[in-house]
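The data block below is model_6.txt; it holds compact mmCIF, C-alpha atoms.
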```txt
# COMPACT_ATOMS: atom_id res chain seq x y z
CA MET U 185 143.12 65.81 76.39
CA ILE U 186 145.80 68.06 74.89
CA LYS U 187 148.80 65.89 73.99
CA SER U 188 151.56 68.19 72.82
CA ALA U 189 155.22 67.66 71.94
CA ALA U 190 158.02 70.14 71.27
CA ILE U 191 160.23 70.34 68.20
CA TYR U 192 162.77 73.15 68.48
CA PRO U 193 164.57 74.93 65.63
CA GLU U 194 168.08 73.87 64.65
CA VAL U 195 170.37 74.65 61.78
CA ILE U 196 168.76 72.82 58.86
CA SER U 197 170.41 69.53 57.97
CA ASP U 198 169.34 66.24 56.41
CA LYS U 199 169.56 64.59 59.83
CA TYR U 200 167.32 67.23 61.44
CA LEU U 201 164.72 67.01 58.65
CA LYS U 202 164.67 63.22 58.98
CA GLN U 203 164.20 63.51 62.76
CA ILE U 204 161.25 65.87 62.27
CA LYS U 205 159.59 63.52 59.79
CA GLU U 206 160.07 60.42 61.94
CA TYR U 207 159.10 62.12 65.20
CA ILE U 208 155.87 63.57 63.80
CA SER U 209 154.97 60.13 62.43
CA LEU U 210 155.70 58.57 65.84
CA LEU U 211 153.64 61.18 67.67
CA ASP U 212 150.76 60.68 65.24
CA SER U 213 150.76 56.95 66.00
CA TYR U 214 150.19 57.82 69.68
CA SER U 215 147.36 60.26 68.86
CA TYR U 216 149.21 63.44 69.79
CA ASN U 217 147.30 66.49 68.62
CA GLU U 218 149.67 69.43 68.99
CA ILE U 219 153.22 70.34 67.93
CA PHE U 220 154.92 73.09 69.93
CA THR U 221 157.80 75.10 68.54
CA THR U 222 159.37 78.54 68.87
CA VAL U 223 160.81 81.38 66.78
CA HIS U 224 162.55 83.35 69.50
CA LEU U 225 165.67 81.43 70.39
CA PRO U 226 168.52 83.93 70.86
CA GLU U 227 171.16 81.52 69.54
CA LEU U 228 169.56 81.23 66.07
CA SER U 229 168.60 83.84 63.50
CA PHE U 230 164.91 84.46 62.91
CA GLU U 231 165.36 83.29 59.31
CA ILE U 232 166.62 79.85 60.38
CA GLN U 233 163.83 79.51 62.93
CA LEU U 234 161.21 80.51 60.37
CA GLU U 235 162.55 77.93 57.91
CA CYS U 236 162.33 75.24 60.60
CA LEU U 237 158.77 76.27 61.38
CA LYS U 238 157.82 75.91 57.72
CA LYS U 239 159.36 72.44 57.58
CA ILE U 240 157.40 71.37 60.68
CA ILE U 241 154.14 72.71 59.24
CA THR U 242 154.77 70.88 55.96
CA GLU U 243 155.50 67.56 57.69
CA ALA U 244 152.46 67.87 59.99
CA GLN U 245 149.94 68.96 57.37
CA ASP U 246 148.66 65.44 56.63
CA SER U 247 147.94 64.77 60.32
CA LYS U 248 145.55 66.42 62.75
CA PHE U 249 148.14 68.44 64.65
CA ASP U 250 147.61 71.97 65.87
CA ILE U 251 150.80 74.00 65.36
CA VAL U 252 151.73 76.20 68.31
CA THR U 253 154.49 78.77 67.99
CA ASP U 254 156.06 80.45 70.99
CA VAL U 255 157.10 84.06 70.36
CA GLY U 256 157.97 87.23 72.22
CA GLY U 257 159.98 90.44 72.10
CA LYS U 258 161.40 91.64 68.77
CA TYR U 259 160.44 88.38 67.08
CA VAL U 260 156.72 89.23 67.27
CA LYS U 261 157.10 91.93 64.61
CA ASP U 262 159.34 89.63 62.56
CA LEU U 263 156.62 86.97 62.56
CA ILE U 264 153.95 89.51 61.57
CA ASN U 265 156.06 90.66 58.62
CA SER U 266 156.87 87.12 57.45
CA ASP U 267 155.05 85.07 54.82
CA ILE U 268 154.25 82.22 57.22
CA GLN U 269 150.91 80.40 57.07
CA GLY U 270 149.72 77.28 58.88
CA ILE U 271 150.15 78.31 62.53
CA ASP U 272 147.07 77.50 64.65
CA TYR U 273 148.00 79.08 67.98
CA ILE U 274 150.53 81.59 69.18
CA ARG U 275 151.88 81.22 72.71
CA LEU U 276 152.66 84.74 73.85
CA ASP U 277 155.81 84.57 75.92
CA CYS U 278 156.83 88.10 76.91
CA ASN U 279 157.36 91.70 75.75
CA PHE U 280 154.53 92.12 73.26
CA GLU U 281 151.99 94.86 72.55
CA LEU U 282 148.25 94.35 72.28
CA SER U 283 148.34 95.90 68.80
CA GLU U 284 150.78 93.17 67.78
CA VAL U 285 148.45 90.52 69.17
CA ARG U 286 145.67 91.88 66.98
CA GLU U 287 147.91 91.81 63.92
CA LEU U 288 149.04 88.25 64.61
CA TYR U 289 145.46 87.07 64.95
CA SER U 290 144.18 88.68 61.77
CA LYS U 291 147.19 88.21 59.47
CA LEU U 292 148.01 84.61 60.44
CA HIS U 293 144.34 83.53 60.59
CA LEU U 294 144.87 81.93 63.99
CA LYS U 295 142.46 79.72 65.90
CA GLY U 296 143.55 81.55 69.03
CA PHE U 297 146.25 82.11 71.63
CA ILE U 298 147.91 80.20 74.43
CA ILE U 299 148.47 82.26 77.56
CA ASN U 300 151.46 81.68 79.81
CA ALA U 301 149.86 80.02 82.85
CA SER U 302 152.80 80.70 85.18
CA THR U 303 153.42 84.45 85.06
CA TYR U 304 150.17 86.36 85.69
CA ASN U 305 148.49 87.39 88.91
CA GLU U 306 144.70 87.29 88.95
CA LYS U 307 144.18 90.96 88.06
CA GLU U 308 146.64 90.81 85.15
CA PHE U 309 145.19 87.54 83.87
CA THR U 310 141.59 88.78 83.95
CA GLU U 311 142.50 92.01 82.16
CA PHE U 312 144.52 90.25 79.46
CA LEU U 313 141.78 87.67 78.91
CA LYS U 314 139.28 90.51 78.47
CA GLU U 315 141.55 92.15 75.87
CA LEU U 316 141.78 88.89 73.91
CA ARG U 317 138.00 88.46 74.01
CA ASN U 318 137.62 92.01 72.71
CA ILE U 319 139.63 91.03 69.63
CA ASP U 320 137.29 88.11 68.96
CA GLU U 321 135.03 86.65 71.61
CA LYS U 322 134.95 83.35 69.71
CA MET U 323 138.72 82.82 69.57
CA GLU U 324 140.08 79.70 71.28
CA ILE U 325 142.20 80.32 74.38
CA ARG U 326 144.32 77.81 76.24
CA CYS U 327 146.87 78.15 79.03
CA CYS U 328 150.22 76.39 79.20
CA HIS U 329 152.66 76.62 82.08
CA ASN U 330 156.31 77.52 81.59
CA PHE U 331 159.11 75.02 81.69
CA TYR U 332 162.16 75.80 83.82
CA VAL U 333 165.65 74.97 82.58
CA LYS U 334 167.61 75.87 85.70
CA GLU U 335 167.57 73.51 88.69
CA GLU U 336 165.55 74.76 91.70
CA SER U 337 163.72 77.32 89.52
CA GLY U 338 160.58 75.25 88.80
CA LEU U 339 157.19 75.96 90.33
CA ASP U 340 156.13 74.59 93.70
CA ASP U 341 152.80 72.89 94.39
CA ILE U 342 151.13 75.80 96.14
CA PHE U 343 151.84 78.34 93.41
CA ALA U 344 150.89 75.99 90.54
CA ILE U 345 147.58 74.97 92.10
CA LYS U 346 146.75 78.61 92.86
CA GLU U 347 147.39 79.55 89.22
CA ASP U 348 145.27 76.61 88.02
CA MET U 349 142.37 77.66 90.25
CA MET U 350 142.56 81.18 88.83
CA ILE U 351 142.47 79.85 85.26
CA LYS U 352 139.67 77.37 85.93
CA LYS U 353 137.40 80.22 87.04
CA HIS U 354 137.33 81.15 83.36
CA ASN U 355 136.76 77.55 82.14
CA LEU U 356 140.04 77.46 80.23
CA PRO U 357 142.20 74.36 79.74
CA VAL U 358 145.65 74.34 81.33
CA TYR U 359 148.58 72.05 80.70
CA TYR U 360 151.99 71.31 82.13
CA CYS U 361 155.46 70.58 80.77
CA ILE U 362 156.93 67.09 81.19
CA PRO U 363 160.71 66.50 81.00
CA SER U 364 162.61 63.65 79.41
CA HIS U 365 165.37 61.92 81.36
CA ASN U 366 166.59 60.07 78.26
CA ASN U 367 167.11 63.12 76.06
CA PRO U 368 167.08 66.32 78.17
CA ARG U 369 167.61 69.52 76.20
CA GLY U 370 170.66 71.75 76.60
CA PRO U 371 172.26 73.91 77.65
CA LEU U 372 171.93 72.44 81.17
CA TYR U 373 170.45 69.00 80.29
CA LEU U 374 168.37 68.87 83.48
CA GLY U 375 164.93 68.29 81.94
CA LEU U 376 162.39 70.96 81.02
CA CYS U 377 159.81 70.64 83.79
CA THR U 378 157.07 72.94 85.06
CA LEU U 379 157.11 71.60 88.62
CA GLU U 380 160.51 71.43 90.28
CA LYS U 381 159.65 68.16 92.03
CA HIS U 382 159.20 66.54 88.61
CA ARG U 383 162.79 67.18 87.53
CA HIS U 384 164.04 63.88 88.96
CA MET U 385 160.83 61.86 89.19
CA THR U 386 160.13 58.88 86.95
CA LEU U 387 158.02 59.61 83.90
CA ASP U 388 155.08 57.46 85.03
CA ASP U 389 155.06 59.16 88.43
CA ILE U 390 155.02 62.60 86.77
CA VAL U 391 152.04 61.66 84.60
CA ALA U 392 150.19 60.13 87.54
CA ASP U 393 150.89 63.19 89.68
CA LEU U 394 149.50 65.59 87.06
CA TYR U 395 146.46 63.40 86.43
CA LEU U 396 145.57 62.77 90.07
CA ASN U 397 146.65 65.93 91.90
CA TYR U 398 146.35 68.86 89.49
CA GLU U 399 143.82 70.49 87.20
CA ALA U 400 145.82 69.41 84.14
CA ASP U 401 143.88 69.15 80.87
CA GLY U 402 146.93 67.96 79.00
CA TYR U 403 150.69 67.99 78.86
CA LEU U 404 153.57 69.20 76.72
CA LEU U 405 156.58 66.95 76.16
CA SER U 406 158.91 69.90 76.50
CA ASP U 407 162.22 68.17 75.84
CA MET U 408 162.72 67.00 72.28
CA TRP U 409 162.75 63.54 70.68
CA PHE U 410 160.97 61.48 73.35
CA SER U 411 161.61 57.82 72.64
CA LYS U 412 159.00 55.21 71.70
CA GLU U 413 159.62 53.60 75.10
CA GLU U 414 158.83 56.88 76.85
CA LEU U 415 155.66 57.39 74.80
CA ASP U 416 154.65 53.81 75.59
CA LEU U 417 155.10 54.44 79.31
CA ILE U 418 153.04 57.64 79.21
CA ASP U 419 150.21 55.91 77.33
CA LYS U 420 150.29 52.88 79.62
CA THR U 421 150.15 55.13 82.68
CA LEU U 422 147.22 57.17 81.37
CA ASN U 423 145.34 54.02 80.40
CA SER U 424 145.93 52.52 83.86
CA LEU U 425 144.63 55.68 85.51
CA ASN U 426 141.42 55.54 83.47
CA VAL U 427 140.60 51.87 84.03
CA LYS U 428 137.98 51.18 86.69
CA LEU U 429 139.50 48.89 89.32
CA THR U 430 137.79 46.10 91.20
CA ASN U 431 137.37 46.41 94.96
CA PRO U 432 139.50 45.20 96.63
CA VAL U 433 142.43 45.92 94.33
CA PHE U 434 144.88 43.02 94.23
CA ILE U 435 148.56 43.97 94.42
CA ASP U 436 151.36 41.51 93.66
CA ILE U 437 154.17 41.60 96.21
CA ARG U 438 157.37 39.83 97.14
CA LEU U 439 158.02 39.26 100.86
CA ASP U 440 161.39 39.38 102.58
CA GLU U 441 162.57 35.80 103.13
CA ASP U 442 163.06 36.41 106.85
CA ILE U 443 159.71 38.09 107.48
CA THR U 444 158.23 37.24 110.87
CA GLU U 445 154.75 35.79 111.30
CA ALA U 446 153.63 38.97 113.09
CA GLU U 447 154.80 41.12 110.17
CA LYS U 448 153.26 38.76 107.62
CA ASP U 449 149.95 38.88 109.46
CA ILE U 450 149.91 42.69 109.15
CA VAL U 451 150.88 42.70 105.45
CA LEU U 452 148.25 40.17 104.35
CA LYS U 453 145.31 41.95 105.93
CA GLU U 454 143.18 44.20 103.72
CA HIS U 455 144.44 47.79 103.65
CA VAL U 456 142.94 51.21 103.07
CA PHE U 457 145.45 54.05 102.80
CA ARG U 458 145.01 57.34 104.59
CA HIS U 459 143.62 60.14 102.43
CA ASP U 460 146.21 62.53 103.90
CA SER U 461 149.19 60.33 102.98
CA PRO U 462 152.13 62.10 101.33
CA TYR U 463 152.32 61.44 97.57
CA ASN U 464 155.27 59.05 97.89
CA LEU U 465 154.55 57.44 101.27
CA LEU U 466 151.21 55.69 101.63
CA ARG U 467 150.15 55.04 105.23
CA SER U 468 147.72 52.24 105.94
CA SER U 469 144.82 53.34 108.11
CA SER U 470 143.99 49.65 108.66
CA SER U 471 147.38 48.86 110.20
CA ARG U 472 147.26 52.13 112.15
CA ARG U 473 144.19 50.84 113.95
CA MET U 474 146.02 47.58 114.65
CA ALA U 475 149.01 49.51 115.99
CA GLU U 476 146.79 51.13 118.58
CA PHE U 477 146.66 47.75 120.30
CA ALA U 478 150.39 47.87 121.09
CA ASN U 479 151.65 45.58 118.34
CA GLU U 480 155.28 45.80 119.48
CA LEU U 481 157.52 44.57 116.69
CA PRO U 482 161.28 44.14 117.19
CA LYS U 483 163.75 46.05 115.04
CA ARG U 484 164.70 43.98 111.97
CA ASN U 485 165.96 44.54 108.41
CA THR U 486 166.11 48.33 108.70
CA VAL U 487 167.74 48.75 105.29
CA LYS U 488 167.56 51.43 102.60
CA ARG U 489 163.97 51.77 101.38
CA LYS U 490 163.80 51.35 97.61
CA ARG U 491 160.84 52.29 95.42
CA GLY U 492 157.96 49.92 96.17
CA ALA U 493 159.20 48.95 99.64
CA ILE U 494 156.61 47.65 102.10
CA THR U 495 157.59 48.83 105.57
CA ILE U 496 156.32 48.32 109.10
CA ASP U 497 157.30 50.57 112.00
CA ASN U 498 159.08 48.72 114.79
CA ILE U 499 159.12 49.22 118.56
CA LEU U 500 161.52 52.18 118.29
CA ASN U 501 158.60 54.16 116.84
CA ARG U 502 156.71 53.52 120.07
CA ARG U 503 152.93 53.68 119.67
CA TYR U 504 153.28 53.59 115.85
CA SER U 505 154.83 50.11 116.02
CA GLY U 506 152.88 47.91 113.62
CA GLU U 507 151.94 50.66 111.14
CA LEU U 508 152.38 49.61 107.52
CA SER U 509 153.49 52.01 104.78
CA ILE U 510 154.35 51.79 101.08
CA VAL U 511 157.34 53.80 99.86
CA LEU U 512 156.93 55.04 96.28
CA ASP U 513 160.28 56.77 95.91
CA GLU U 514 163.82 56.13 97.20
CA ARG U 515 164.56 56.70 100.91
CA GLY U 516 167.41 55.98 103.26
CA ALA U 517 167.45 53.41 106.04
CA ASP U 518 165.63 54.23 109.28
CA ASP U 519 166.24 52.22 112.47
CA ARG U 520 162.56 52.60 113.34
CA VAL U 521 161.31 51.06 110.09
CA ASN U 522 161.48 47.38 109.05
CA VAL U 523 161.48 46.58 105.32
CA VAL U 524 159.31 43.48 104.93
CA GLY U 525 158.76 43.22 101.18
CA TYR U 526 158.29 44.97 97.83
CA VAL U 527 155.36 45.80 95.57
CA ASP U 528 155.62 44.60 91.97
CA GLU U 529 156.58 47.59 89.81
CA LYS U 530 153.60 47.09 87.48
CA ASP U 531 151.14 47.57 90.37
CA ILE U 532 152.54 50.83 91.74
CA ILE U 533 150.21 52.81 89.46
CA LYS U 534 147.22 51.10 91.14
CA LEU U 535 148.43 52.29 94.53
CA ARG U 536 148.59 55.84 93.20
CA ARG U 537 144.79 55.77 93.05
CA TYR U 538 144.31 55.25 96.79
CA LYS U 539 142.42 58.55 97.14
CA GLU U 540 139.59 57.06 95.09
CA GLY U 541 138.74 55.01 98.18
CA TYR U 542 139.91 51.60 97.03
CA ARG U 543 140.70 48.75 99.43
CA TYR U 544 143.92 46.84 98.74
CA GLN U 545 144.79 43.18 99.20
CA PHE U 546 148.40 42.02 98.80
CA ILE U 547 149.03 38.77 96.92
CA VAL U 548 152.38 37.05 97.50
CA HIS U 549 154.37 35.99 94.45
CA LYS U 550 154.98 32.25 94.50
CA SER U 551 158.61 31.42 93.66
```

Please, can you express the file's structure as structure tokens?
Amino acid sequence: MIKSAAIYPEVISDKYLKQIKEYISLLDSYSYNEIFTTVHLPELSFEIQLECLKKIITEAQDSKFDIVTDVGGKYVKDLINSDIQGIDYIRLDCNFELSEVRELYSKLHLKGFIINASTYNEKEFTEFLKELRNIDEKMEIRCCHNFYVKEESGLDDIFAIKEDMMIKKHNLPVYYCIPSHNNPRGPLYLGLCTLEKHRHMTLDDIVADLYLNYEADGYLLSDMWFSKEELDLIDKTLNSLNVKLTNPVFIDIRLDEDITEAEKDIVLKEHVFRHDSPYNLLRSSSSRRMAEFANELPKRNTVKRKRGAITIDNILNRRYSGELSIVLDERGADDRVNVVGYVDEKDIIKLRRYKEGYRYQFIVHKS
């Protein structure tokens, strides 16, 4: 898996150099294998950006990091004419000539290039890939999606999956950008995400979404200075997604103190969740079958549905009365939906794996 993290150029200072050193050491302890940076920020001179790049290369040289540099436009020629060594991959952003690509590859002794996974149609992608192979058929090629600074500008599901399918035809790895909510990068401080829906999702849900629902071969921590707590959460989530679960999967829950016997009877049965459930609302196919027998439940505790809420449709939802769902995001109150309990936060990641065909059994916490 490609585990990449961004370090962007800044005006050189003792504080910045210390942050680079400490961050690279932290990333190394979590087995990250790529550092992403850039030399085409308009707010900084090329000379400052080049100096930052050299500092990053120096700090990373004792670890097994690939160094990726993002470049485009007038900065391509600047990079070719520089004295830089130690870059492994160039990510070609925009406004470059094929002759410049050849020069970059030969002069910088690159392993290969990273193609922008978000901006090519199939014809353009195939032609560009052919041109790169003509330079050296053995060069390494990866694809990394853009990140989107401006709110509502990120990719949607349909477009991203279509691009991934196009790339996978050529057996190339593709990775996505993950934002930080603790330290989002300016100027807008909204998180540097590839997928717009990830901008306000929790970090563990983003990782689970990419792992379970996309053709992601890795990820780029596209904001800077992710905390140890954030790296811990990412690692814990990935480990949880790779562990083989027992069947049935036991899920710790807390029941509402006023739950009725009828509701409790539904909750404590074994559940299989519908394969076509929305990502953040799991619908039990087991309780759906029970609901077909007119399990008419009165309206009760129709409060705001917090993350992890266990809900059962009441009689106002007519023939769906008795259907159990698990809410994995935040939702408003609905008069047709009773909130009967909550899943323990640590077990939400297990529920994310419902499409693997697991059966689930809820275990009530004993106070």

query = Can you list, as a list in words, every protein, DNA or RNA residue that comes within 9 Å of U:Arg491 when you count only C-alpha atoms, leaving out same-chain residues fewer than 6 positions away?
reply = Ile510, Val511, Leu512, Asp513, Glu514, Arg515, Tyr526, Val527 and Glu529 of chain U

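Computed from the coordinates, the atom CA of U:Lys199 to atom CA of U:Ser215 distance equals 24.4 Å.
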
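For the set U:Leu417, U:Val223, U:Leu228, U:Val333, the residue with the smallest atom-to-atom gap to U:Gly256 is U:Val223, counting only C-alpha atoms.
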
task = Grab the atom CA of U:Glu507 to atom CA of U:Asp393 distance for me, in Å with one decimal place.
result =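 We find that atom CA of U:Glu507 and atom CA of U:Asp393 lie 24.9 Å from each other.
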
key: U:Phe309, U:Tyr214, U:Tyr373, U:Phe410 ranked by distance to U:Ile351, top pick (using only C-alpha atoms)   =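 Closest residue, counting only C-alpha atoms: U:Phe309.
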
remark   = Min atom-atom distance to U:Leu396 from the set U:Leu425, U:Leu508, U:Ile274, U:Met408, counting all atoms listed in the file, belongs to U:Leu425

task = Fewer than 4 positions away in the same chain doesn't count, so skip those; otherwise give me all residues within 10 Å of stretch 532-534 of chain U, counting only C-alpha atoms, as a ChimeraX atom specification.
result = /U:388-389,392,420-422,424-425,427,429,433-436,491-492,510-512,527-528,538,542,544

query = Residues at most 9 Å from U:Asp341, counting only C-alpha atoms, excluding those fewer than 5 positions away in the same chain, as a ChimeraX atom specification?
reply = /U:346,379-381

ask   = Which of these residues is nearest to U:Arg383, using all atoms listed in the file: U:His365, U:Arg484, U:Lys258, U:Arg489?
value =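 Checking each candidate against U:Arg383, we get U:His365 as the closest.
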
Give me, as a Markdown table, each residue of stretch 318-361 of chain U that comes within 12 Å of stretch 185-190 of chain U, together with its shortest interatomic pair and the distance in Å at one decimal, counting only C-alpha atoms, with rows ordered by chain and rising residue number.
```
| residue | atom | partner | partner_atom | distance |
| --- | --- | --- | --- | --- |
| U:Arg326 | CA | U:Ile186 | CA | 10.0 |
| U:Cys327 | CA | U:Ile186 | CA | 11.0 |
| U:Cys328 | CA | U:Ile186 | CA | 10.4 |
| U:Phe331 | CA | U:Ala190 | CA | 11.6 |
| U:Pro357 | CA | U:Ile186 | CA | 8.7 |
| U:Val358 | CA | U:Ile186 | CA | 9.0 |
| U:Tyr359 | CA | U:Ile186 | CA | 7.6 |
| U:Tyr360 | CA | U:Ser188 | CA | 9.8 |
| U:Cys361 | CA | U:Ser188 | CA | 9.2 |
```

request  = Please identify all polymer residues lying at most 10 Å from the point (149.7, 89.6, 67.0) (file coordinates), using only C-alpha atoms, and present the result as a list in words.
outcome  =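 Protein, DNA and RNA residues close to (149.7, 89.6, 67.0): Val255, Val260, Lys261, Leu263, Ile264, Ile274, Leu276, Phe280, Glu281, Leu282, Ser283, Glu284, Val285, Arg286, Glu287, Leu288, Tyr289, Ser290, Lys291, Leu292, Leu294 and Phe297 of chain U.
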
query = With only C-alpha atoms as the atoms that count, which of U:Asp519, U:Asp250, U:Asp198, U:Glu414 lies nearest to U:Leu500?
reply = U:Asp519

Atomic separation - atom CA of U:Ile362 relative to atom CA of U:Ile418, Å = 10.4 Å

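The shortest atom-to-atom distance to U:Glu324, with only C-alpha atoms taken into account, belongs to U:Lys295 out of U:Lys295, U:Lys307, U:His384, U:Arg520.
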